[in-house]
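A.B. asks: The file below is protein.txt, compact mmCIF, C-alpha atoms:
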# COMPACT_ATOMS: atom_id res chain seq x y z
CA MET Z 21 81.64 115.04 58.37
CA ARG Z 22 84.08 115.63 55.54
CA ASN Z 23 87.11 114.51 57.51
CA ARG Z 24 85.59 111.18 58.46
CA PHE Z 25 85.43 109.98 54.85
CA LEU Z 26 89.04 110.57 53.88
CA SER Z 27 90.77 108.01 51.71
CA VAL Z 28 93.00 105.41 53.35
CA ALA Z 29 96.10 107.24 52.09
CA VAL Z 30 95.06 110.54 53.60
CA ALA Z 31 94.08 108.84 56.86
CA THR Z 32 97.53 107.25 56.99
CA MET Z 33 99.14 110.67 56.49
CA ALA Z 34 96.96 112.07 59.30
CA VAL Z 35 98.12 109.33 61.69
CA GLY Z 36 101.71 110.10 60.76
CA ALA Z 37 101.19 113.79 61.42
CA LEU Z 38 99.75 113.01 64.82
CA ALA Z 39 102.73 110.85 65.70
CA LEU Z 40 105.13 113.63 64.73
CA ALA Z 41 103.18 116.05 66.92
CA GLY Z 42 103.77 113.86 69.95
CA CYS Z 43 100.26 112.44 70.25
CA SER Z 44 99.56 110.91 73.65
CA SER Z 45 97.67 107.76 74.57
CA ASP Z 46 94.71 110.00 75.45
CA ASP Z 47 93.64 109.72 71.82
CA SER Z 48 92.16 106.22 72.40
CA GLY Z 49 92.91 104.78 68.98
CA GLY Z 50 92.96 107.88 66.77
CA ASP Z 51 90.35 108.10 64.01
CA SER Z 52 89.16 104.49 64.50
CA GLY Z 53 90.10 103.82 60.89
CA GLY Z 54 87.78 102.69 58.13
CA GLY Z 55 85.77 105.92 58.15
CA THR Z 56 83.65 105.01 61.18
CA ALA Z 57 81.68 107.82 62.76
CA ALA Z 58 83.81 108.13 65.89
CA LYS Z 59 82.97 110.89 68.32
CA LYS Z 60 86.15 112.80 69.00
CA VAL Z 61 87.34 115.95 70.77
CA GLY Z 62 90.71 117.67 70.51
CA VAL Z 63 92.09 119.62 73.47
CA ILE Z 64 95.19 121.84 73.40
CA LEU Z 65 96.55 122.93 76.78
CA PRO Z 66 99.02 125.85 76.82
CA ASP Z 67 102.03 124.80 78.90
CA ALA Z 68 103.16 123.17 82.13
CA SER Z 69 105.04 126.12 83.63
CA THR Z 70 102.80 129.17 84.10
CA SER Z 71 100.48 127.21 86.39
CA PRO Z 72 100.50 123.61 87.65
CA ARG Z 73 96.78 123.35 87.01
CA TRP Z 74 96.94 122.39 83.33
CA GLU Z 75 98.53 118.99 83.82
CA ALA Z 76 97.64 118.36 87.47
CA ASN Z 77 93.96 119.28 87.23
CA ASP Z 78 92.55 120.13 83.81
CA ARG Z 79 93.97 117.18 81.90
CA PRO Z 80 92.72 114.40 84.21
CA LEU Z 81 89.35 116.08 84.79
CA LEU Z 82 88.67 116.53 81.07
CA LYS Z 83 89.91 113.05 80.20
CA ALA Z 84 87.72 111.40 82.83
CA ALA Z 85 84.64 113.28 81.61
CA PHE Z 86 85.20 112.41 77.96
CA ASP Z 87 86.06 108.79 78.74
CA GLY Z 88 82.87 108.51 80.76
CA ALA Z 89 80.84 109.78 77.81
CA GLY Z 90 82.52 107.42 75.33
CA ILE Z 91 84.22 110.33 73.55
CA GLN Z 92 87.72 109.87 72.13
CA ALA Z 93 89.87 112.62 73.60
CA ASP Z 94 93.16 113.76 72.12
CA ILE Z 95 94.57 115.99 74.87
CA GLN Z 96 97.92 117.60 74.12
CA ASN Z 97 100.12 120.31 75.66
CA ALA Z 98 101.76 122.98 73.50
CA ASP Z 99 104.56 123.47 76.08
CA GLY Z 100 104.43 127.24 75.59
CA ASP Z 101 105.55 126.85 71.97
CA LYS Z 102 103.43 128.63 69.34
CA ALA Z 103 104.84 126.49 66.51
CA LYS Z 104 103.92 123.32 68.38
CA PHE Z 105 100.49 124.79 69.16
CA GLY Z 106 99.93 125.31 65.41
CA THR Z 107 101.12 121.79 64.57
CA LEU Z 108 98.82 120.25 67.17
CA CYS Z 109 95.91 122.31 65.86
CA ASP Z 110 96.50 121.21 62.27
CA SER Z 111 96.87 117.56 63.29
CA MET Z 112 93.65 117.54 65.30
CA ILE Z 113 91.71 119.13 62.46
CA THR Z 114 93.13 116.59 60.01
CA SER Z 115 92.28 113.71 62.35
CA GLY Z 116 88.61 114.63 62.22
CA VAL Z 117 87.76 115.96 65.67
CA ASN Z 118 84.14 117.06 66.07
CA VAL Z 119 85.01 119.76 68.60
CA LEU Z 120 88.28 121.58 69.23
CA LEU Z 121 88.84 123.05 72.70
CA ILE Z 122 91.88 125.29 73.17
CA VAL Z 123 93.67 127.34 75.79
CA ASN Z 124 95.48 129.87 73.62
CA LEU Z 125 99.09 131.01 74.02
CA ASP Z 126 98.10 134.35 72.53
CA SER Z 127 95.18 135.62 70.50
CA ASP Z 128 97.02 135.71 67.15
CA SER Z 129 98.06 132.05 67.09
CA GLY Z 130 94.86 131.01 68.83
CA SER Z 131 92.72 132.86 66.30
CA ALA Z 132 94.56 131.26 63.38
CA CYS Z 133 93.82 127.83 64.84
CA LEU Z 134 90.16 128.53 65.54
CA LYS Z 135 89.57 129.89 62.04
CA LYS Z 136 91.11 126.78 60.46
CA ALA Z 137 88.86 124.58 62.57
CA GLN Z 138 85.77 126.61 61.77
CA GLY Z 139 86.65 126.46 58.08
CA ALA Z 140 86.61 122.68 58.41
CA GLY Z 141 83.16 122.77 60.01
CA ILE Z 142 84.44 122.01 63.52
CA LYS Z 143 82.80 123.57 66.58
CA THR Z 144 85.29 125.46 68.75
CA ILE Z 145 85.53 126.25 72.47
CA ASP Z 146 87.84 128.78 74.10
CA TYR Z 147 88.78 127.31 77.48
CA ASP Z 148 89.78 129.60 80.34
CA ARG Z 149 91.20 132.30 78.00
CA LEU Z 150 89.15 134.13 75.39
CA THR Z 151 90.87 134.30 72.00
CA LEU Z 152 90.29 137.85 70.77
CA GLY Z 153 89.29 137.85 67.10
CA GLY Z 154 88.94 134.06 67.12
CA GLU Z 155 85.14 133.92 67.04
CA ALA Z 156 84.99 130.68 69.03
CA SER Z 157 81.59 129.00 69.16
CA TYR Z 158 81.65 129.18 72.96
CA TYR Z 159 83.82 130.35 75.86
CA VAL Z 160 84.20 128.54 79.19
CA SER Z 161 85.88 130.28 82.10
CA PHE Z 162 85.28 132.20 85.32
CA ASP Z 163 84.06 135.75 85.76
CA ASN Z 164 87.61 137.05 85.44
CA VAL Z 165 86.83 140.68 86.25
CA GLN Z 166 85.39 139.35 89.50
CA VAL Z 167 88.61 137.37 90.06
CA GLY Z 168 90.51 140.66 89.90
CA LYS Z 169 88.01 142.40 92.17
CA LEU Z 170 88.52 139.69 94.79
CA MET Z 171 92.28 140.34 94.65
CA GLY Z 172 91.81 144.09 95.09
CA GLU Z 173 89.29 143.62 97.89
CA GLY Z 174 91.53 140.98 99.46
CA LEU Z 175 94.55 143.26 99.55
CA THR Z 176 92.42 146.02 101.10
CA LYS Z 177 91.23 143.60 103.79
CA CYS Z 178 94.77 142.48 104.57
CA LEU Z 179 96.02 146.07 104.82
CA THR Z 180 93.04 147.05 106.98
CA ASP Z 181 93.63 144.05 109.26
CA ALA Z 182 97.24 145.24 109.60
CA LYS Z 183 95.94 148.71 110.63
CA LYS Z 184 97.39 150.31 107.48
CA THR Z 185 95.06 153.06 106.29
CA LYS Z 186 97.64 154.61 103.95
CA ALA Z 187 99.55 152.39 101.54
CA ASN Z 188 101.88 152.36 98.56
CA ILE Z 189 100.76 149.58 96.21
CA VAL Z 190 102.70 147.71 93.55
CA GLN Z 191 100.80 145.85 90.82
CA ILE Z 192 102.52 142.89 89.13
CA ASN Z 193 100.25 141.92 86.25
CA GLY Z 194 99.95 138.81 84.11
CA ASP Z 195 101.15 138.32 80.55
CA PRO Z 196 99.94 141.22 78.37
CA THR Z 197 99.17 138.77 75.53
CA ASP Z 198 96.66 136.94 77.77
CA ASN Z 199 93.20 138.53 77.66
CA ASN Z 200 92.51 137.15 81.14
CA ALA Z 201 95.36 139.28 82.51
CA ALA Z 202 93.59 142.38 81.22
CA LEU Z 203 90.32 141.29 82.83
CA PHE Z 204 92.02 140.55 86.16
CA LYS Z 205 93.66 143.97 86.10
CA GLN Z 206 90.36 145.64 85.25
CA GLY Z 207 88.90 144.00 88.35
CA TYR Z 208 91.59 144.96 90.85
CA VAL Z 209 91.92 148.48 89.47
CA GLU Z 210 88.16 148.92 89.97
CA ALA Z 211 88.33 147.47 93.49
CA LEU Z 212 91.21 149.72 94.54
CA LYS Z 213 89.85 152.85 92.82
CA PRO Z 214 87.95 154.31 95.82
CA LYS Z 215 91.07 154.08 97.99
CA VAL Z 216 93.29 155.47 95.22
CA ASP Z 217 90.86 158.33 94.47
CA SER Z 218 90.71 159.26 98.15
CA GLY Z 219 94.50 159.37 98.37
CA ASP Z 220 94.67 156.54 100.92
CA TYR Z 221 96.39 154.26 98.42
CA LYS Z 222 98.99 155.20 95.84
CA ILE Z 223 99.97 152.94 92.94
CA VAL Z 224 103.77 153.22 92.96
CA GLY Z 225 104.50 150.45 90.45
CA ASP Z 226 102.65 148.71 87.63
CA GLN Z 227 104.54 146.08 85.59
CA THR Z 228 104.03 142.69 84.01
CA GLY Z 229 105.42 139.54 85.55
CA ASN Z 230 104.49 137.42 82.51
CA TRP Z 231 103.10 134.65 84.77
CA ASP Z 232 106.74 133.85 85.66
CA ALA Z 233 108.09 133.79 89.24
CA THR Z 234 111.58 134.99 88.29
CA ILE Z 235 110.37 137.80 86.03
CA ALA Z 236 107.83 138.89 88.65
CA GLY Z 237 110.44 138.84 91.41
CA THR Z 238 112.83 140.94 89.36
CA ALA Z 239 110.10 143.42 88.40
CA PHE Z 240 109.09 143.77 92.05
CA GLU Z 241 112.70 144.20 93.20
CA GLN Z 242 113.20 147.03 90.71
CA LEU Z 243 110.02 148.79 91.84
CA TYR Z 244 110.90 148.24 95.51
CA THR Z 245 114.30 149.86 94.94
CA GLN Z 246 112.84 152.75 92.92
CA ASN Z 247 110.49 153.52 95.82
CA GLY Z 248 113.21 153.35 98.46
CA GLY Z 249 111.63 150.29 100.04
CA LYS Z 250 108.38 152.13 100.68
CA VAL Z 251 105.97 149.45 99.48
CA ASP Z 252 103.05 148.44 101.71
CA GLY Z 253 101.14 145.95 99.57
CA VAL Z 254 101.43 143.95 96.35
CA ILE Z 255 98.82 142.84 93.86
CA SER Z 256 100.27 139.72 92.28
CA ALA Z 257 97.98 138.40 89.55
CA ASN Z 258 98.71 134.75 90.39
CA ASP Z 259 100.37 132.47 92.95
CA THR Z 260 103.31 131.58 90.71
CA MET Z 261 104.39 135.23 90.49
CA ALA Z 262 103.64 135.72 94.18
CA GLN Z 263 106.32 133.14 95.00
CA GLY Z 264 108.95 135.22 93.21
CA ILE Z 265 107.78 138.39 94.94
CA ILE Z 266 107.74 136.74 98.37
CA ALA Z 267 111.32 135.54 97.79
CA ARG Z 268 112.41 139.17 97.28
CA LEU Z 269 110.45 140.32 100.32
CA THR Z 270 112.10 137.56 102.37
CA ALA Z 271 115.53 138.73 101.25
CA ASN Z 272 114.63 142.17 102.61
CA GLY Z 273 113.18 140.82 105.87
CA LEU Z 274 109.65 141.85 104.88
CA ASN Z 275 107.91 138.54 104.22
CA GLY Z 276 104.66 138.44 106.16
CA LYS Z 277 104.84 142.19 106.72
CA VAL Z 278 103.90 143.31 103.20
CA PRO Z 279 100.68 141.56 102.09
CA VAL Z 280 100.75 139.87 98.68
CA THR Z 281 97.74 138.59 96.74
CA GLY Z 282 97.59 135.63 94.39
CA GLN Z 283 95.31 133.45 92.32
CA ASP Z 284 94.94 129.74 91.48
CA ALA Z 285 94.99 128.30 95.03
CA SER Z 286 98.22 126.50 94.16
CA LYS Z 287 99.90 124.22 96.69
CA GLU Z 288 102.67 126.78 97.21
CA GLY Z 289 100.16 129.61 97.41
CA LEU Z 290 98.08 127.90 100.08
CA GLN Z 291 101.20 127.03 102.08
CA ALA Z 292 102.35 130.66 101.83
CA ILE Z 293 98.96 131.77 103.16
CA LEU Z 294 99.21 129.34 106.08
CA SER Z 295 102.70 130.65 106.92
CA GLY Z 296 101.54 134.28 106.66
CA ASN Z 297 103.78 135.13 103.71
CA GLN Z 298 100.83 135.56 101.30
CA CYS Z 299 97.65 137.28 102.40
CA MET Z 300 95.15 135.62 100.04
CA THR Z 301 94.55 133.79 96.78
CA VAL Z 302 91.56 133.32 94.51
CA TYR Z 303 90.21 129.80 94.17
CA LYS Z 304 88.76 128.98 90.81
CA ALA Z 305 87.18 125.55 91.14
CA ILE Z 306 88.76 123.98 88.06
CA LYS Z 307 86.51 120.98 88.56
CA LYS Z 308 83.51 123.21 87.78
CA GLU Z 309 85.23 124.79 84.79
CA ALA Z 310 86.32 121.44 83.35
CA ASP Z 311 82.86 120.00 84.00
CA ALA Z 312 81.21 122.85 82.09
CA ALA Z 313 83.68 122.55 79.20
CA SER Z 314 83.27 118.79 78.88
CA LYS Z 315 79.46 118.97 79.08
CA LEU Z 316 79.46 121.68 76.43
CA ALA Z 317 81.77 119.72 74.11
CA ILE Z 318 79.78 116.51 74.57
CA ALA Z 319 76.52 118.31 73.78
CA LEU Z 320 78.00 119.77 70.59
CA ILE Z 321 79.44 116.41 69.54
CA ASN Z 322 76.00 114.84 70.02
CA GLY Z 323 74.37 117.55 67.91
CA GLU Z 324 72.60 119.15 70.85
CA THR Z 325 72.10 122.85 71.57
CA PRO Z 326 73.44 123.73 75.05
CA GLY Z 327 70.78 125.14 77.37
CA SER Z 328 70.83 128.24 79.57
CA ASP Z 329 71.67 126.09 82.58
CA LEU Z 330 75.11 125.63 81.00
CA VAL Z 331 75.61 128.70 78.80
CA ASN Z 332 74.79 131.31 81.45
CA GLY Z 333 76.30 134.51 80.06
CA SER Z 334 78.45 136.16 77.44
CA VAL Z 335 81.82 137.87 77.21
CA LYS Z 336 82.70 140.65 74.79
CA ASP Z 337 85.32 139.97 72.13
CA THR Z 338 86.73 143.50 71.99
CA VAL Z 339 88.41 142.90 68.61
CA LEU Z 340 85.26 141.72 66.83
CA ASN Z 341 82.94 143.75 69.09
CA LYS Z 342 80.80 140.65 69.47
CA ASP Z 343 79.47 138.79 72.49
CA VAL Z 344 80.67 135.20 72.79
CA PRO Z 345 78.17 132.78 74.42
CA SER Z 346 79.83 131.72 77.66
CA ALA Z 347 79.69 129.29 80.55
CA LEU Z 348 81.03 131.23 83.53
CA ALA Z 349 81.80 129.88 87.01
CA THR Z 350 82.10 131.90 90.23
CA PRO Z 351 85.51 132.40 91.93
CA GLN Z 352 86.14 132.49 95.71
CA ALA Z 353 88.58 134.54 97.80
CA ILE Z 354 90.71 132.35 100.09
CA PHE Z 355 92.34 133.59 103.30
CA LYS Z 356 94.03 131.60 106.06
CA ASP Z 357 90.70 130.72 107.69
CA SER Z 358 89.26 129.41 104.40
CA VAL Z 359 92.16 127.30 103.11
CA LYS Z 360 90.13 124.39 104.46
CA ASP Z 361 87.42 125.16 101.87
CA VAL Z 362 89.80 124.31 99.04
CA ILE Z 363 90.68 121.01 100.71
CA ALA Z 364 87.03 120.21 101.41
CA ASP Z 365 86.23 120.79 97.73
CA GLY Z 366 88.76 118.12 96.75
CA PHE Z 367 91.05 120.44 94.81
CA TRP Z 368 93.95 119.40 97.06
CA LYS Z 369 94.22 116.76 99.76
CA ALA Z 370 95.33 117.81 103.23
CA SER Z 371 98.33 115.52 102.78
CA ASP Z 372 99.41 117.63 99.78
CA ILE Z 373 99.45 120.85 101.80
CA CYS Z 374 100.12 119.84 105.40
CA THR Z 375 103.66 118.55 105.02
CA GLY Z 376 106.67 119.25 107.25
CA GLN Z 377 106.51 122.71 108.80
CA TYR Z 378 102.96 123.20 107.49
CA ALA Z 379 101.44 120.35 109.54
CA ALA Z 380 101.02 122.43 112.69
CA LEU Z 381 99.86 125.44 110.65
CA CYS Z 382 97.18 123.29 109.04
CA THR Z 383 95.97 122.14 112.44
CA SER Z 384 95.66 125.70 113.73
CA ALA Z 385 93.81 126.72 110.54
CA GLY Z 386 91.35 123.82 110.80
CA VAL Z 387 92.69 122.01 107.73
CA SER Z 388 92.27 118.27 108.03
Represent the structure of the file as structure tokens.

C.D. replies:
Amino acid sequence: MRNRFLSVAVATMAVGALALAGCSSDDSGGDSGGGTAAKKVGVILPDASTSPRWEANDRPLLKAAFDGAGIQADIQNADGDKAKFGTLCDSMITSGVNVLLIVNLDSDSGSACLKKAQGAGIKTIDYDRLTLGGEASYYVSFDNVQVGKLMGEGLTKCLTDAKKTKANIVQINGDPTDNNAALFKQGYVEALKPKVDSGDYKIVGDQTGNWDATIAGTAFEQLYTQNGGKVDGVISANDTMAQGIIARLTANGLNGKVPVTGQDASKEGLQAILSGNQCMTVYKAIKKEADAASKLAIALINGETPGSDLVNGSVKDTVLNKDVPSALATPQAIFKDSVKDVIADGFWKASDICTGQYAALCTSAGVS
């Protein structure tokens, strides 16, 4: 409540700070002036490069939900810049948001932001990525260990379908500063463990790709060379990195012959699955995640305590050794025969995927 009764001079400074931070029109009129009790949420998205989802999916879904509830929503993107992330955080706190929802760039800068908000009496939500040490009020995401398990199980299925009982595996992991990357890796390491322990599979490379196609492609190329080309399967922790890896496989005439996993059900990932260059991806229904986050934020803004139908679990903050109340959605493995499920769910339209050379592939895979 404190921030809503600022003097006119301070409110003017807050508006100026928001303008300098590149405030978008999503903030439907700012603080409403005059000290009115506006209901307001601040959302900081991480970037527009590591995954297309943030701007293509999360932003419009969150905005529509908040608009529908009559909540002013200031939704901004940090563009992968920690300094900008901090500026946006400060500006939103100063503007008097009731709830701050963030996707952190790393736990250090994310934690600093969350602690400032909490110090100002603002409820906080970690969205998609848990901020270690941040002590957010709530966490909204998917069961990310399960996401990793689906990748490991998916690669095993693709190798088995290719009649490969023995395999050299390369793991290209996500950004080490992203707690989700650690959870994904935990999942696929657990899924592959029986095959590794039996000697059927051997992990011949394990490097980060930093959620970047070029970095991932280079890391894979180095590991491929080190192993004399003897690589039978690749765990790629997302579709963006898979594209870089597939480019290197293509250059060596091995695209479609060495199965590659992914995650995010991106347009490029689904097209690569249809063409046979990628064996599978993991679909995380962002609509469900955004719906849970918006419902949680709206409940908190309205002074309500979220019920167990929404907050359905907890995730351990390994820095604070505390469980964070969480709303967790269930991921789905997608292979060629289930690409149609992603379309049916409305995540993509068939016209987005079935272009040019992919039109006939869509038809044969039942995508319409």

A.B. asks: Please report as JSON lines every residue of segment 83-199 of chain Z lying within 12 Å of segment 314-319 of chain Z, along with the nearest atom pair and their distance in Å (one decimal), using only C-alpha atoms.

C.D. replies:
{"residue": "Z:Lys83", "atom": "CA", "partner": "Z:Ser314", "partner_atom": "CA", "distance": 8.9}
{"residue": "Z:Ala84", "atom": "CA", "partner": "Z:Ser314", "partner_atom": "CA", "distance": 9.5}
{"residue": "Z:Ala85", "atom": "CA", "partner": "Z:Ser314", "partner_atom": "CA", "distance": 6.3}
{"residue": "Z:Phe86", "atom": "CA", "partner": "Z:Ser314", "partner_atom": "CA", "distance": 6.7}
{"residue": "Z:Asp87", "atom": "CA", "partner": "Z:Ser314", "partner_atom": "CA", "distance": 10.4}
{"residue": "Z:Gly88", "atom": "CA", "partner": "Z:Ser314", "partner_atom": "CA", "distance": 10.5}
{"residue": "Z:Ala89", "atom": "CA", "partner": "Z:Ile318", "partner_atom": "CA", "distance": 7.5}
{"residue": "Z:Gly90", "atom": "CA", "partner": "Z:Ile318", "partner_atom": "CA", "distance": 9.5}
{"residue": "Z:Ile91", "atom": "CA", "partner": "Z:Ile318", "partner_atom": "CA", "distance": 7.7}
{"residue": "Z:Gln92", "atom": "CA", "partner": "Z:Ile318", "partner_atom": "CA", "distance": 10.6}
{"residue": "Z:Ala93", "atom": "CA", "partner": "Z:Ser314", "partner_atom": "CA", "distance": 10.5}
{"residue": "Z:Val117", "atom": "CA", "partner": "Z:Ala317", "partner_atom": "CA", "distance": 11.0}
{"residue": "Z:Asn118", "atom": "CA", "partner": "Z:Ala317", "partner_atom": "CA", "distance": 8.8}
{"residue": "Z:Val119", "atom": "CA", "partner": "Z:Ala317", "partner_atom": "CA", "distance": 6.4}
{"residue": "Z:Leu120", "atom": "CA", "partner": "Z:Ala317", "partner_atom": "CA", "distance": 8.3}
{"residue": "Z:Leu121", "atom": "CA", "partner": "Z:Ala317", "partner_atom": "CA", "distance": 7.9}
{"residue": "Z:Ile122", "atom": "CA", "partner": "Z:Ala317", "partner_atom": "CA", "distance": 11.6}
{"residue": "Z:Ile142", "atom": "CA", "partner": "Z:Ala317", "partner_atom": "CA", "distance": 11.2}
{"residue": "Z:Lys143", "atom": "CA", "partner": "Z:Ala317", "partner_atom": "CA", "distance": 8.5}
{"residue": "Z:Thr144", "atom": "CA", "partner": "Z:Ala317", "partner_atom": "CA", "distance": 8.6}
{"residue": "Z:Ile145", "atom": "CA", "partner": "Z:Ala317", "partner_atom": "CA", "distance": 7.7}
{"residue": "Z:Asp146", "atom": "CA", "partner": "Z:Ala317", "partner_atom": "CA", "distance": 10.9}
{"residue": "Z:Tyr147", "atom": "CA", "partner": "Z:Ser314", "partner_atom": "CA", "distance": 10.2}
{"residue": "Z:Ser157", "atom": "CA", "partner": "Z:Ala317", "partner_atom": "CA", "distance": 10.5}
{"residue": "Z:Tyr158", "atom": "CA", "partner": "Z:Leu316", "partner_atom": "CA", "distance": 8.5}
{"residue": "Z:Tyr159", "atom": "CA", "partner": "Z:Leu316", "partner_atom": "CA", "distance": 9.7}
{"residue": "Z:Val160", "atom": "CA", "partner": "Z:Leu316", "partner_atom": "CA", "distance": 8.8}

A.B. asks: In Å, rounded to a single decimal, give me how far atom CA of Ser71 of chain Z is from atom CA of Ser111 of chain Z.

C.D. replies: 25.3 Å

A.B. asks: Select, counting all atoms listed in the file, all protein, DNA and RNA residues no farther than 9 Å from (108.1, 146.6, 94.0) in file coordinates, and express the selection as a list in words.

C.D. replies: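 Result, sorted by chain then residue number: Ile189, Val190, Gln191, Ile192, Val224, Gly225, Asp226, Gly237, Thr238, Ala239, Phe240, Glu241, Gln242, Leu243, Tyr244, Thr245, Gln246, Asn247, Gly249, Lys250, Val251, Gly253, Val254 and Ile265 of chain Z.
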
A.B. asks: At what distance in Å, to one decimal, does atom CA of Leu381 of chain Z lie from atom CA of Pro351 of chain Z?

C.D. replies: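 Between atom CA of Pro351 of chain Z and atom CA of Leu381 of chain Z the gap works out to 24.6 Å.
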
A.B. asks: Report as a list in words all protein, DNA and RNA residues lying within 12 Å of Thr234 of chain Z, evaluated on all atoms listed in the file, omitting residues in the same chain fewer than 3 positions from it.

C.D. replies: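 Close residues of Thr234 of chain Z: Ser69, Thr70, Thr228, Gly229, Asn230, Trp231, Gly237, Thr238, Ala239, Phe240, Glu241, Thr260, Met261, Ala262, Gln263, Gly264, Ile265, Ile266, Ala267 and Arg268 of chain Z.
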
A.B. asks: Could segment 260-266 of chain Z be completed with all heavy atoms and returned as a PDB file, in the frame of the given file?

C.D. replies:
ATOM      1  N   THR Z 260     101.963 131.845  91.230  1.00  0.00           N
ATOM      2  CA  THR Z 260     103.310 131.580  90.710  1.00  0.00           C
ATOM      3  C   THR Z 260     104.164 132.835  90.830  1.00  0.00           C
ATOM      4  O   THR Z 260     105.299 132.787  91.332  1.00  0.00           O
ATOM      5  CB  THR Z 260     103.241 131.124  89.242  1.00  0.00           C
ATOM      6  OG1 THR Z 260     102.513 129.891  89.171  1.00  0.00           O
ATOM      7  CG2 THR Z 260     104.638 130.903  88.673  1.00  0.00           C
ATOM      8  N   MET Z 261     103.645 133.973  90.387  1.00  0.00           N
ATOM      9  CA  MET Z 261     104.390 135.230  90.490  1.00  0.00           C
ATOM     10  C   MET Z 261     104.567 135.642  91.945  1.00  0.00           C
ATOM     11  O   MET Z 261     105.604 136.205  92.324  1.00  0.00           O
ATOM     12  CB  MET Z 261     103.704 136.318  89.684  1.00  0.00           C
ATOM     13  CG  MET Z 261     103.646 136.051  88.191  1.00  0.00           C
ATOM     14  SD  MET Z 261     103.153 137.492  87.201  1.00  0.00           S
ATOM     15  CE  MET Z 261     101.545 137.870  87.893  1.00  0.00           C
ATOM     16  N   ALA Z 262     103.554 135.362  92.765  1.00  0.00           N
ATOM     17  CA  ALA Z 262     103.640 135.720  94.180  1.00  0.00           C
ATOM     18  C   ALA Z 262     104.843 135.056  94.838  1.00  0.00           C
ATOM     19  O   ALA Z 262     105.500 135.652  95.707  1.00  0.00           O
ATOM     20  CB  ALA Z 262     102.359 135.317  94.909  1.00  0.00           C
ATOM     21  N   GLN Z 263     105.170 133.832  94.422  1.00  0.00           N
ATOM     22  CA  GLN Z 263     106.320 133.140  95.000  1.00  0.00           C
ATOM     23  C   GLN Z 263     107.622 133.898  94.736  1.00  0.00           C
ATOM     24  O   GLN Z 263     108.485 134.019  95.613  1.00  0.00           O
ATOM     25  CB  GLN Z 263     106.414 131.722  94.431  1.00  0.00           C
ATOM     26  CG  GLN Z 263     105.320 130.781  94.893  1.00  0.00           C
ATOM     27  CD  GLN Z 263     105.291 130.607  96.394  1.00  0.00           C
ATOM     28  OE1 GLN Z 263     106.252 130.144  97.000  1.00  0.00           O
ATOM     29  NE2 GLN Z 263     104.177 130.981  97.015  1.00  0.00           N
ATOM     30  N   GLY Z 264     107.762 134.432  93.534  1.00  0.00           N
ATOM     31  CA  GLY Z 264     108.950 135.220  93.210  1.00  0.00           C
ATOM     32  C   GLY Z 264     109.011 136.521  93.999  1.00  0.00           C
ATOM     33  O   GLY Z 264     110.086 136.955  94.434  1.00  0.00           O
ATOM     34  N   ILE Z 265     107.855 137.133  94.184  1.00  0.00           N
ATOM     35  CA  ILE Z 265     107.780 138.390  94.940  1.00  0.00           C
ATOM     36  C   ILE Z 265     108.082 138.138  96.418  1.00  0.00           C
ATOM     37  O   ILE Z 265     108.834 138.889  97.051  1.00  0.00           O
ATOM     38  CB  ILE Z 265     106.384 139.019  94.763  1.00  0.00           C
ATOM     39  CG1 ILE Z 265     106.184 139.446  93.305  1.00  0.00           C
ATOM     40  CG2 ILE Z 265     106.194 140.213  95.697  1.00  0.00           C
ATOM     41  CD1 ILE Z 265     104.744 139.694  92.921  1.00  0.00           C
ATOM     42  N   ILE Z 266     107.510 137.075  96.957  1.00  0.00           N
ATOM     43  CA  ILE Z 266     107.740 136.740  98.370  1.00  0.00           C
ATOM     44  C   ILE Z 266     109.217 136.439  98.615  1.00  0.00           C
ATOM     45  O   ILE Z 266     109.765 136.806  99.672  1.00  0.00           O
ATOM     46  CB  ILE Z 266     106.851 135.548  98.784  1.00  0.00           C
ATOM     47  CG1 ILE Z 266     105.383 135.987  98.822  1.00  0.00           C
ATOM     48  CG2 ILE Z 266     107.273 134.994 100.143  1.00  0.00           C
ATOM     49  CD1 ILE Z 266     104.390 134.841  98.919  1.00  0.00           C
TER      50      ILE Z 266
END
